[in-house]
>>> print(open('input04.csv').read())   # CSV, C-alpha atoms and all ligand atoms
chain,number,residue,atom,x,y,z
A,1,MET,CA,57.2,-36.0,29.1
A,2,LYS,CA,60.4,-34.1,28.3
A,3,PHE,CA,61.2,-30.7,29.8
A,4,PHE,CA,63.0,-28.1,27.8
A,5,ILE,CA,63.9,-24.6,29.0
A,6,ASP,CA,62.9,-21.8,26.7
A,7,THR,CA,65.6,-19.2,27.2
A,8,ALA,CA,69.1,-18.1,26.0
A,9,ASN,CA,70.1,-17.1,29.5
A,10,LEU,CA,73.0,-19.3,30.6
A,11,GLU,CA,72.5,-18.9,34.3
A,12,GLN,CA,68.9,-20.0,34.0
A,13,ILE,CA,69.9,-22.9,31.8
A,14,LYS,CA,72.5,-24.0,34.4
A,15,GLU,CA,69.9,-23.7,37.2
A,16,ALA,CA,67.4,-25.9,35.4
A,17,ASN,CA,70.1,-28.3,34.4
A,18,ASP,CA,71.3,-28.6,38.0
A,19,LEU,CA,67.8,-29.6,39.0
A,20,GLY,CA,68.4,-32.8,37.0
A,21,ILE,CA,65.1,-32.7,35.1
A,22,LEU,CA,66.2,-30.9,31.9
A,23,ASP,CA,66.0,-32.6,28.5
A,24,GLY,CA,66.9,-29.7,26.2
A,25,VAL,CA,66.8,-26.0,25.4
A,26,THR,CA,64.9,-23.9,22.9
A,27,THR,CA,65.8,-20.4,21.9
A,28,ASN,CA,64.5,-18.0,19.3
A,29,PRO,CA,65.8,-14.7,17.9
A,30,SER,CA,63.9,-12.7,20.5
A,31,LEU,CA,65.4,-14.7,23.4
A,32,MET,CA,68.9,-14.3,21.9
A,33,ALA,CA,68.5,-10.6,21.5
A,34,LYS,CA,67.3,-10.3,25.1
A,35,GLU,CA,70.7,-11.7,26.2
A,36,GLY,CA,72.5,-9.0,24.1
A,37,ILE,CA,73.9,-11.6,21.6
A,38,SER,CA,74.6,-10.2,18.2
A,39,GLY,CA,76.7,-11.1,15.2
A,40,THR,CA,77.2,-14.6,13.7
A,41,GLU,CA,80.3,-15.5,15.7
A,42,ALA,CA,78.7,-14.5,19.0
A,43,ILE,CA,75.5,-16.5,18.1
A,44,LEU,CA,77.5,-19.6,17.2
A,45,GLN,CA,79.6,-19.3,20.3
A,46,HIS,CA,76.4,-19.0,22.5
A,47,TYR,CA,75.0,-22.2,21.1
A,48,LYS,CA,78.3,-23.9,21.8
A,49,ASP,CA,78.2,-22.7,25.4
A,50,ILE,CA,74.6,-24.0,25.7
A,51,CYS,CA,75.7,-27.4,24.3
A,52,GLU,CA,78.4,-27.6,26.9
A,53,ILE,CA,75.9,-27.1,29.8
A,54,VAL,CA,73.1,-29.3,28.6
A,55,ASP,CA,73.4,-32.8,27.2
A,56,GLY,CA,70.1,-32.8,25.2
A,57,ALA,CA,68.3,-31.3,22.2
A,58,ILE,CA,69.3,-27.7,21.7
A,59,SER,CA,67.1,-25.8,19.2
A,60,ALA,CA,68.9,-23.1,17.2
A,61,GLU,CA,66.7,-21.0,15.0
A,62,VAL,CA,67.6,-19.8,11.5
A,63,LEU,CA,67.3,-16.1,10.9
A,64,SER,CA,66.6,-16.3,7.2
A,65,THR,CA,63.4,-17.1,5.3
A,66,THR,CA,64.4,-18.3,1.9
A,67,TYR,CA,65.0,-22.0,1.2
A,68,GLU,CA,68.6,-21.6,0.0
A,69,GLU,CA,69.5,-19.3,3.0
A,70,MET,CA,67.8,-21.5,5.5
A,71,ILE,CA,69.7,-24.6,4.2
A,72,ALA,CA,73.1,-22.8,4.4
A,73,GLU,CA,72.3,-21.4,7.8
A,74,GLY,CA,70.9,-24.7,9.1
A,75,GLU,CA,74.0,-26.6,8.0
A,76,THR,CA,76.3,-24.2,9.8
A,77,LEU,CA,74.1,-24.5,13.0
A,78,ALA,CA,74.0,-28.3,12.7
A,79,ALA,CA,77.8,-28.5,12.4
A,80,ILE,CA,78.2,-26.8,15.9
A,81,HIS,CA,77.3,-30.0,17.8
A,82,PRO,CA,75.4,-33.3,17.2
A,83,ASN,CA,72.7,-32.2,19.7
A,84,ILE,CA,71.7,-29.1,17.7
A,85,VAL,CA,68.2,-29.1,16.3
A,86,VAL,CA,67.7,-26.7,13.4
A,87,LYS,CA,64.6,-24.5,14.1
A,88,ILE,CA,62.7,-23.5,11.1
A,89,PRO,CA,59.6,-21.3,10.7
A,90,MET,CA,56.3,-22.7,9.3
A,91,ILE,CA,56.4,-21.1,5.9
A,92,LYS,CA,56.5,-22.6,2.4
A,93,ASP,CA,60.2,-22.5,2.0
A,94,GLY,CA,60.5,-23.7,5.6
A,95,VAL,CA,58.5,-26.9,4.8
A,96,LYS,CA,61.0,-27.6,1.9
A,97,ALA,CA,63.9,-27.0,4.2
A,98,LEU,CA,62.4,-29.4,6.8
A,99,LYS,CA,62.3,-32.1,4.1
A,100,TYR,CA,65.9,-31.4,3.0
A,101,PHE,CA,67.2,-31.7,6.6
A,102,SER,CA,65.0,-34.7,7.3
A,103,ASP,CA,66.5,-36.5,4.2
A,104,LYS,CA,70.0,-35.6,5.5
A,105,GLY,CA,69.3,-37.0,9.0
A,106,ILE,CA,69.5,-33.5,10.6
A,107,LYS,CA,67.0,-32.9,13.4
A,108,THR,CA,64.5,-30.0,13.0
A,109,ASN,CA,62.0,-28.1,15.1
A,110,CYS,CA,59.2,-26.4,13.1
A,111,THR,CA,58.3,-23.2,15.0
A,112,LEU,CA,55.3,-20.8,14.9
A,113,ILE,CA,52.7,-23.5,14.7
A,114,PHE,CA,49.2,-22.2,15.3
A,115,SER,CA,47.0,-24.8,13.5
A,116,ALA,CA,46.6,-28.6,13.2
A,117,GLY,CA,47.1,-28.2,9.4
A,118,GLN,CA,50.5,-26.6,9.9
A,119,ALA,CA,51.5,-29.4,12.3
A,120,LEU,CA,50.4,-32.0,9.8
A,121,LEU,CA,52.4,-30.4,6.9
A,122,ALA,CA,55.6,-30.2,9.1
A,123,ALA,CA,55.2,-33.8,10.2
A,124,LYS,CA,54.8,-34.9,6.5
A,125,ALA,CA,58.0,-33.0,5.7
A,126,GLY,CA,59.8,-35.0,8.4
A,127,ALA,CA,60.1,-32.5,11.2
A,128,SER,CA,61.5,-34.0,14.4
A,129,TYR,CA,59.5,-31.6,16.5
A,130,VAL,CA,56.5,-29.2,15.9
A,131,SER,CA,56.2,-26.2,18.2
A,132,PRO,CA,52.6,-25.1,18.8
A,133,PHE,CA,52.6,-21.8,20.7
A,134,LEU,CA,50.1,-22.0,23.6
A,135,GLY,CA,50.3,-18.6,25.3
A,136,ARG,CA,50.1,-16.7,22.0
A,137,LEU,CA,46.8,-18.5,21.1
A,138,ASP,CA,45.4,-17.9,24.6
A,139,ASP,CA,46.3,-14.2,24.1
A,140,ILE,CA,43.8,-14.1,21.2
A,141,SER,CA,41.1,-16.0,23.1
A,142,THR,CA,41.7,-19.3,21.3
A,143,ASP,CA,41.8,-22.6,23.1
A,144,SER,CA,45.4,-23.6,22.8
A,145,LEU,CA,45.0,-26.9,24.6
A,146,ASN,CA,42.4,-27.9,21.9
A,147,LEU,CA,45.2,-27.5,19.4
A,148,ILE,CA,47.5,-29.9,21.3
A,149,GLU,CA,44.6,-32.4,21.4
A,150,GLU,CA,44.1,-32.2,17.7
A,151,ILE,CA,47.7,-32.6,16.8
A,152,ARG,CA,48.0,-35.6,19.3
A,153,LEU,CA,45.1,-37.3,17.6
A,154,ILE,CA,46.4,-36.7,14.1
A,155,PHE,CA,49.9,-37.8,14.9
A,156,ASP,CA,48.6,-41.0,16.7
A,157,ASN,CA,46.2,-41.8,13.8
A,158,TYR,CA,49.1,-42.1,11.4
A,159,GLY,CA,52.0,-43.0,13.6
A,160,PHE,CA,53.9,-39.8,12.9
A,161,GLU,CA,57.2,-39.8,14.9
A,162,THR,CA,57.3,-36.0,15.0
A,163,GLU,CA,57.2,-34.9,18.7
A,164,ILE,CA,54.7,-32.3,19.9
A,165,LEU,CA,56.8,-29.6,21.6
A,166,ALA,CA,54.4,-27.3,23.4
A,167,ALA,CA,55.9,-23.8,23.4
A,168,SER,CA,54.9,-20.4,24.5
A,169,VAL,CA,54.1,-22.1,27.8
A,170,ARG,CA,53.5,-19.4,30.4
A,171,HIS,CA,52.4,-21.1,33.7
A,172,SER,CA,52.3,-24.4,35.6
A,173,MET,CA,48.7,-25.3,34.4
A,174,HIS,CA,49.9,-25.2,30.8
A,175,ILE,CA,52.5,-27.8,31.8
A,176,ILE,CA,50.0,-30.0,33.7
A,177,ASN,CA,47.4,-29.9,30.9
A,178,CYS,CA,50.0,-30.7,28.3
A,179,ALA,CA,51.1,-33.7,30.3
A,180,LYS,CA,47.4,-34.8,30.6
A,181,ILE,CA,46.9,-34.5,26.9
A,182,GLY,CA,50.1,-36.2,26.0
A,183,ALA,CA,52.4,-33.5,24.5
A,184,ASP,CA,55.8,-35.1,24.1
A,185,VAL,CA,57.7,-32.0,25.3
A,186,VAL,CA,57.0,-28.7,27.0
A,187,THR,CA,59.4,-25.8,26.7
A,188,CYS,CA,59.0,-22.8,29.0
A,189,PRO,CA,61.0,-20.3,31.0
A,190,LEU,CA,62.4,-21.3,34.4
A,191,PRO,CA,59.6,-19.8,36.7
A,192,PRO,CA,56.8,-22.1,35.5
A,193,ILE,CA,59.1,-25.1,36.0
A,194,LEU,CA,60.0,-23.9,39.5
A,195,SER,CA,56.3,-23.2,40.3
A,196,LEU,CA,55.6,-26.9,40.0
A,197,LEU,CA,57.6,-27.3,43.2
A,198,LYS,CA,55.3,-25.1,45.3
A,199,HIS,CA,52.3,-26.0,47.5
A,200,PRO,CA,51.4,-24.2,50.7
A,201,LEU,CA,50.6,-27.5,52.5
A,202,THR,CA,54.2,-28.6,51.7
A,203,ASP,CA,55.5,-25.4,53.2
A,204,SER,CA,53.4,-25.5,56.4
A,205,GLY,CA,53.9,-29.3,56.7
A,206,LEU,CA,57.7,-28.9,56.5
A,207,GLU,CA,57.6,-26.0,59.0
A,208,GLN,CA,55.8,-28.2,61.5
A,209,PHE,CA,58.2,-31.2,60.9
A,210,ILE,CA,61.2,-29.0,61.4
A,211,LYS,CA,59.6,-27.7,64.7
A,212,ASP,CA,58.8,-31.2,65.9
A,213,SER,CA,62.2,-32.6,64.9
A,214,LYS,CA,63.8,-30.4,67.6
A,215,LYS,CA,61.8,-32.4,70.2
A,216,LEU,CA,63.6,-35.5,69.0
A,217,LYS,CA,67.1,-34.3,69.7
B,301,LIG,O1,58.8,-21.1,22.6
B,301,LIG,C1,58.3,-20.0,22.1
B,301,LIG,C2,58.3,-18.9,23.0
B,301,LIG,O2,59.6,-18.4,23.2
B,301,LIG,C3,57.4,-17.8,22.8
B,301,LIG,O3,56.9,-17.5,24.1
B,301,LIG,O4,55.8,-16.2,25.8
B,301,LIG,O5,56.9,-15.1,23.8
B,301,LIG,O6,54.8,-16.3,23.5
B,301,LIG,P1,56.1,-16.2,24.3
>>> encode(input="input04.csv", output="structure tokens")
Amino acid sequence: MKFFIDTANLEQIKEANDLGILDGVTTNPSLMAKEGISGTEAILQHYKDICEIVDGAISAEVLSTTYEEMIAEGETLAAIHPNIVVKIPMIKDGVKALKYFSDKGIKTNCTLIFSAGQALLAAKAGASYVSPFLGRLDDISTDSLNLIEEIRLIFDNYGFETEILAASVRHSMHIINCAKIGADVVTCPLPPILSLLKHPLTDSGLEQFIKDSKKLK
């Protein structure tokens, strides 16, 4: 399973990359705004900076919602670096844009997926990734893991190569359950990734080993 970090914060991206387990980065307009990035030049530069830190898939989201504008924007984003994946919302014009980029060999990530039907449409249009949002489904008392299972089944039934990129991942159990179901990728902020490290028995065991190691000197 691939690990992406879901942030536009360069320090956190560096920290995750230094762990040696990072396969890519996802961003969205809210995450970019949180870092105070604004204006086309600053946005493009920020993506360049991320591409210099991580050698992996870097999702860069279009800000427009019409077919023509998404194509123009996506082409500009894709020209930044070969690792850029153009992130496109699940809307009618978005599906057309996915097909356009797929035909041109440009990678895409279809975002804001909340149903198996949306994932199927995106895969039919040639999306490289679909991003079902787990946390936001849980927020409205809907079983988000059931959605991952449905998409996995559908993609496997027909051999779709589109990767399931579980997004809006909020905690370590989301990550573990996605791994059990067979999501191809999870993307989440740094804390859930770091929380996988932790176990109280590891801490107490190490404390005891350190204490006992002094008797060996
Ligand atoms: O990957 C999508 C993500 O950024 C949304 O996460 O926590 O805002 O639902 P969240």
>>> closest_atom_pairs(input="input04.csv", of="chain A", to="ligand LIG 301 (chain B)", cutoff="12 Å", atoms="all atoms listed in the file", output="CSV")
residue,atom,partner,partner_atom,distance
A:Phe4,CA,B:LIG301,O1,9.7
A:Ile5,CA,B:LIG301,O1,8.9
A:Asp6,CA,B:LIG301,O1,5.8
A:Thr7,CA,B:LIG301,O2,7.3
A:Ala8,CA,B:LIG301,O2,9.9
A:Val25,CA,B:LIG301,O1,9.8
A:Thr26,CA,B:LIG301,O1,6.7
A:Thr27,CA,B:LIG301,O2,6.6
A:Asn28,CA,B:LIG301,O2,6.3
A:Pro29,CA,B:LIG301,O2,9.0
A:Ser30,CA,B:LIG301,O2,7.6
A:Leu31,CA,B:LIG301,O2,6.9
A:Met32,CA,B:LIG301,O2,10.2
A:Ala33,CA,B:LIG301,O2,12.0
A:Lys34,CA,B:LIG301,O2,11.3
A:Ser59,CA,B:LIG301,O1,10.1
A:Ala60,CA,B:LIG301,O1,11.6
A:Glu61,CA,B:LIG301,O1,11.0
A:Lys87,CA,B:LIG301,O1,10.8
A:Pro89,CA,B:LIG301,C1,11.5
A:Asn109,CA,B:LIG301,O1,10.7
A:Cys110,CA,B:LIG301,O1,10.9
A:Thr111,CA,B:LIG301,C1,7.8
A:Leu112,CA,B:LIG301,C1,7.8
A:Ile113,CA,B:LIG301,C1,9.9
A:Phe114,CA,B:LIG301,O6,11.6
A:Val130,CA,B:LIG301,O1,10.8
A:Ser131,CA,B:LIG301,O1,7.2
A:Pro132,CA,B:LIG301,O1,8.3
A:Phe133,CA,B:LIG301,C1,6.1
A:Leu134,CA,B:LIG301,O6,7.4
A:Gly135,CA,B:LIG301,O6,5.4
A:Arg136,CA,B:LIG301,O6,4.9
A:Leu137,CA,B:LIG301,O6,8.6
A:Asp138,CA,B:LIG301,O6,9.6
A:Asp139,CA,B:LIG301,O6,8.8
A:Ile140,CA,B:LIG301,O6,11.5
A:Ser144,CA,B:LIG301,O6,11.9
A:Leu165,CA,B:LIG301,O1,8.8
A:Ala166,CA,B:LIG301,O1,7.6
A:Ala167,CA,B:LIG301,O1,4.0
A:Ser168,CA,B:LIG301,O3,3.5
A:Val169,CA,B:LIG301,O4,6.5
A:Arg170,CA,B:LIG301,O4,6.1
A:His171,CA,B:LIG301,O4,9.9
A:His174,CA,B:LIG301,O4,11.9
A:Val185,CA,B:LIG301,O1,11.3
A:Val186,CA,B:LIG301,O1,9.0
A:Thr187,CA,B:LIG301,O1,6.3
A:Cys188,CA,B:LIG301,O1,6.6
A:Pro189,CA,B:LIG301,O2,8.1
A:Leu190,CA,B:LIG301,O2,11.9
A:Pro192,CA,B:LIG301,O4,11.4
>>> closest_residue(input="input04.csv", among="A:Leu197, A:Leu98, A:Ile106, A:Val54", to="A:Ala79", atoms="all atoms listed in the file")
A:Ile106
>>> closest_residue(input="input04.csv", among="A:Asp93, A:Glu150, A:Asp18, A:Asp55", to="A:Glu69", atoms="all atoms listed in the file")
A:Asp93
>>> residues_around(input="input04.csv", residues="A:Phe160", least_positions_apart="3", cutoff="10 Å", atoms="all atoms listed in the file", output="list in words")
Leu120, Ala123, Lys124, Gly126, Ala127, Ser128, Arg152, Ile154, Phe155, Asp156, Asn157 and Glu163 of chain A
>>> atom_distance(input="input04.csv", atom1="atom CA of A:Asp143", atom2="atom CA of A:Ala116")
12.5 Å
>>> atom_distance(input="input04.csv", atom1="atom CA of A:Gly74", atom2="atom CA of A:Glu161")
21.2 Å
>>> residues_around(input="input04.csv", residues="A:Leu77", least_positions_apart="3", cutoff="8 Å", atoms="only C-alpha atoms", output="MDAnalysis selection string")
chainID A and resid 44 60 73:74 80:81 84 86
>>> closest_residue(input="input04.csv", among="A:Lys14, A:Ile148, A:Ser141, A:Glu75", to="A:Glu52", atoms="only C-alpha atoms")
A:Lys14
>>> closest_residue(input="input04.csv", among="A:Ile91, A:Ile13, A:Ile37, A:Leu206", to="A:Gln118", atoms="all atoms listed in the file")
A:Ile91
>>> decode(input="input04.csv", residues="stretch 91-211 of chain A", atoms="C-alpha atoms", output="PDB file, in the first residue's frame")
ATOM      1  CA  ILE A  91     -18.501  16.757 -11.814  1.00  0.00           C
ATOM      2  CA  LYS A  92     -19.750  16.296 -15.384  1.00  0.00           C
ATOM      3  CA  ASP A  93     -17.098  18.536 -16.950  1.00  0.00           C
ATOM      4  CA  GLY A  94     -14.564  16.871 -14.678  1.00  0.00           C
ATOM      5  CA  VAL A  95     -15.330  13.446 -16.156  1.00  0.00           C
ATOM      6  CA  LYS A  96     -14.770  14.888 -19.657  1.00  0.00           C
ATOM      7  CA  ALA A  97     -11.501  16.425 -18.481  1.00  0.00           C
ATOM      8  CA  LEU A  98     -10.381  13.069 -17.010  1.00  0.00           C
ATOM      9  CA  LYS A  99     -10.897  11.453 -20.416  1.00  0.00           C
ATOM     10  CA  TYR A 100      -9.003  14.269 -22.167  1.00  0.00           C
ATOM     11  CA  PHE A 101      -5.983  13.935 -19.867  1.00  0.00           C
ATOM     12  CA  SER A 102      -6.099  10.140 -19.936  1.00  0.00           C
ATOM     13  CA  ASP A 103      -5.966  10.213 -23.764  1.00  0.00           C
ATOM     14  CA  LYS A 104      -2.949  12.539 -23.526  1.00  0.00           C
ATOM     15  CA  GLY A 105      -1.140  10.271 -21.036  1.00  0.00           C
ATOM     16  CA  ILE A 106      -1.385  12.851 -18.220  1.00  0.00           C
ATOM     17  CA  LYS A 107      -2.104  11.330 -14.806  1.00  0.00           C
ATOM     18  CA  THR A 108      -5.240  12.375 -12.935  1.00  0.00           C
ATOM     19  CA  ASN A 109      -6.780  12.070  -9.492  1.00  0.00           C
ATOM     20  CA  CYS A 110     -10.564  12.377  -9.356  1.00  0.00           C
ATOM     21  CA  THR A 111     -11.447  13.989  -6.048  1.00  0.00           C
ATOM     22  CA  LEU A 112     -14.584  14.368  -3.918  1.00  0.00           C
ATOM     23  CA  ILE A 113     -15.724  10.775  -4.482  1.00  0.00           C
ATOM     24  CA  PHE A 114     -18.547   9.746  -2.158  1.00  0.00           C
ATOM     25  CA  SER A 115     -20.201   6.833  -4.026  1.00  0.00           C
ATOM     26  CA  ALA A 116     -19.261   3.701  -5.953  1.00  0.00           C
ATOM     27  CA  GLY A 117     -21.040   5.089  -9.026  1.00  0.00           C
ATOM     28  CA  GLN A 118     -18.825   8.172  -9.021  1.00  0.00           C
ATOM     29  CA  ALA A 119     -15.728   5.969  -8.729  1.00  0.00           C
ATOM     30  CA  LEU A 120     -16.913   3.778 -11.620  1.00  0.00           C
ATOM     31  CA  LEU A 121     -17.488   6.791 -13.876  1.00  0.00           C
ATOM     32  CA  ALA A 122     -14.051   8.210 -13.070  1.00  0.00           C
ATOM     33  CA  ALA A 123     -12.402   4.850 -13.780  1.00  0.00           C
ATOM     34  CA  LYS A 124     -14.287   4.561 -17.097  1.00  0.00           C
ATOM     35  CA  ALA A 125     -12.964   8.015 -18.017  1.00  0.00           C
ATOM     36  CA  GLY A 126      -9.417   6.779 -17.379  1.00  0.00           C
ATOM     37  CA  ALA A 127      -8.614   8.401 -14.019  1.00  0.00           C
ATOM     38  CA  SER A 128      -5.282   7.244 -12.588  1.00  0.00           C
ATOM     39  CA  TYR A 129      -6.637   7.587  -9.026  1.00  0.00           C
ATOM     40  CA  VAL A 130     -10.060   8.011  -7.404  1.00  0.00           C
ATOM     41  CA  SER A 131     -10.210   9.725  -4.021  1.00  0.00           C
ATOM     42  CA  PRO A 132     -13.080   8.539  -1.809  1.00  0.00           C
ATOM     43  CA  PHE A 133     -13.299  10.781   1.291  1.00  0.00           C
ATOM     44  CA  LEU A 134     -13.571   8.590   4.388  1.00  0.00           C
ATOM     45  CA  GLY A 135     -13.713  11.069   7.255  1.00  0.00           C
ATOM     46  CA  ARG A 136     -16.367  13.210   5.607  1.00  0.00           C
ATOM     47  CA  LEU A 137     -18.619  10.167   5.120  1.00  0.00           C
ATOM     48  CA  ASP A 138     -18.092   9.130   8.738  1.00  0.00           C
ATOM     49  CA  ASP A 139     -19.023  12.704   9.710  1.00  0.00           C
ATOM     50  CA  ILE A 140     -22.511  12.112   8.287  1.00  0.00           C
ATOM     51  CA  SER A 141     -22.887   8.659   9.903  1.00  0.00           C
ATOM     52  CA  THR A 142     -22.178   6.730   6.687  1.00  0.00           C
ATOM     53  CA  ASP A 143     -19.926   3.666   6.606  1.00  0.00           C
ATOM     54  CA  SER A 144     -16.916   4.936   4.664  1.00  0.00           C
ATOM     55  CA  LEU A 145     -15.100   1.578   4.706  1.00  0.00           C
ATOM     56  CA  ASN A 146     -18.065  -0.018   2.980  1.00  0.00           C
ATOM     57  CA  LEU A 147     -17.475   2.418   0.112  1.00  0.00           C
ATOM     58  CA  ILE A 148     -13.824   1.326  -0.180  1.00  0.00           C
ATOM     59  CA  GLU A 149     -14.972  -2.325  -0.264  1.00  0.00           C
ATOM     60  CA  GLU A 150     -17.517  -1.589  -3.006  1.00  0.00           C
ATOM     61  CA  ILE A 151     -15.001   0.252  -5.162  1.00  0.00           C
ATOM     62  CA  ARG A 152     -12.376  -2.500  -4.642  1.00  0.00           C
ATOM     63  CA  LEU A 153     -14.907  -5.137  -5.765  1.00  0.00           C
ATOM     64  CA  ILE A 154     -15.982  -3.173  -8.839  1.00  0.00           C
ATOM     65  CA  PHE A 155     -12.428  -2.343  -9.945  1.00  0.00           C
ATOM     66  CA  ASP A 156     -11.328  -5.972  -9.446  1.00  0.00           C
ATOM     67  CA  ASN A 157     -14.384  -7.342 -11.309  1.00  0.00           C
ATOM     68  CA  TYR A 158     -13.367  -5.468 -14.443  1.00  0.00           C
ATOM     69  CA  GLY A 159      -9.617  -5.077 -14.035  1.00  0.00           C
ATOM     70  CA  PHE A 160      -9.677  -1.286 -13.848  1.00  0.00           C
ATOM     71  CA  GLU A 161      -6.146   0.004 -13.338  1.00  0.00           C
ATOM     72  CA  THR A 162      -7.418   3.112 -11.543  1.00  0.00           C
ATOM     73  CA  GLU A 163      -5.929   3.188  -8.041  1.00  0.00           C
ATOM     74  CA  ILE A 164      -8.140   3.643  -4.972  1.00  0.00           C
ATOM     75  CA  LEU A 165      -6.649   6.565  -3.043  1.00  0.00           C
ATOM     76  CA  ALA A 166      -8.391   6.677   0.334  1.00  0.00           C
ATOM     77  CA  ALA A 167      -8.594  10.341   1.374  1.00  0.00           C
ATOM     78  CA  SER A 168      -9.953  12.363   4.269  1.00  0.00           C
ATOM     79  CA  VAL A 169      -8.191   9.773   6.416  1.00  0.00           C
ATOM     80  CA  ARG A 170      -8.225  11.052   9.993  1.00  0.00           C
ATOM     81  CA  HIS A 171      -6.710   8.332  12.233  1.00  0.00           C
ATOM     82  CA  SER A 172      -4.614   5.173  12.318  1.00  0.00           C
ATOM     83  CA  MET A 173      -7.617   2.782  12.223  1.00  0.00           C
ATOM     84  CA  HIS A 174      -8.667   4.299   8.895  1.00  0.00           C
ATOM     85  CA  ILE A 175      -5.172   3.406   7.608  1.00  0.00           C
ATOM     86  CA  ILE A 176      -5.238  -0.164   8.996  1.00  0.00           C
ATOM     87  CA  ASN A 177      -8.754  -0.840   7.705  1.00  0.00           C
ATOM     88  CA  CYS A 178      -7.877   0.524   4.261  1.00  0.00           C
ATOM     89  CA  ALA A 179      -4.870  -1.798   4.199  1.00  0.00           C
ATOM     90  CA  LYS A 180      -7.087  -4.773   5.157  1.00  0.00           C
ATOM     91  CA  ILE A 181      -9.624  -3.977   2.438  1.00  0.00           C
ATOM     92  CA  GLY A 182      -6.974  -3.386  -0.204  1.00  0.00           C
ATOM     93  CA  ALA A 183      -7.003   0.343  -0.934  1.00  0.00           C
ATOM     94  CA  ASP A 184      -4.009   1.044  -3.167  1.00  0.00           C
ATOM     95  CA  VAL A 185      -3.074   4.300  -1.449  1.00  0.00           C
ATOM     96  CA  VAL A 186      -3.948   6.204   1.716  1.00  0.00           C
ATOM     97  CA  THR A 187      -3.393   9.911   2.013  1.00  0.00           C
ATOM     98  CA  CYS A 188      -3.524  11.619   5.389  1.00  0.00           C
ATOM     99  CA  PRO A 189      -1.923  14.330   7.492  1.00  0.00           C
ATOM    100  CA  LEU A 190       1.324  13.538   9.341  1.00  0.00           C
ATOM    101  CA  PRO A 191      -0.168  12.723  12.823  1.00  0.00           C
ATOM    102  CA  PRO A 192      -2.085   9.552  11.771  1.00  0.00           C
ATOM    103  CA  ILE A 193       1.059   8.275  10.023  1.00  0.00           C
ATOM    104  CA  LEU A 194       3.188   8.925  13.127  1.00  0.00           C
ATOM    105  CA  SER A 195       0.549   7.366  15.393  1.00  0.00           C
ATOM    106  CA  LEU A 196       1.198   4.014  13.662  1.00  0.00           C
ATOM    107  CA  LEU A 197       4.575   4.064  15.422  1.00  0.00           C
ATOM    108  CA  LYS A 198       3.126   4.118  18.890  1.00  0.00           C
ATOM    109  CA  HIS A 199       2.379   1.286  21.307  1.00  0.00           C
ATOM    110  CA  PRO A 200       2.641   1.535  25.109  1.00  0.00           C
ATOM    111  CA  LEU A 201       4.276  -1.921  25.307  1.00  0.00           C
ATOM    112  CA  THR A 202       6.976  -0.711  22.898  1.00  0.00           C
ATOM    113  CA  ASP A 203       7.627   2.289  25.165  1.00  0.00           C
ATOM    114  CA  SER A 204       7.716   0.298  28.423  1.00  0.00           C
ATOM    115  CA  GLY A 205       9.707  -2.530  26.794  1.00  0.00           C
ATOM    116  CA  LEU A 206      12.306  -0.122  25.474  1.00  0.00           C
ATOM    117  CA  GLU A 207      12.534   1.638  28.838  1.00  0.00           C
ATOM    118  CA  GLN A 208      13.292  -1.710  30.496  1.00  0.00           C
ATOM    119  CA  PHE A 209      15.852  -2.676  27.815  1.00  0.00           C
ATOM    120  CA  ILE A 210      17.637   0.661  28.262  1.00  0.00           C
ATOM    121  CA  LYS A 211      17.690   0.152  32.061  1.00  0.00           C
TER     122      LYS A 211
END
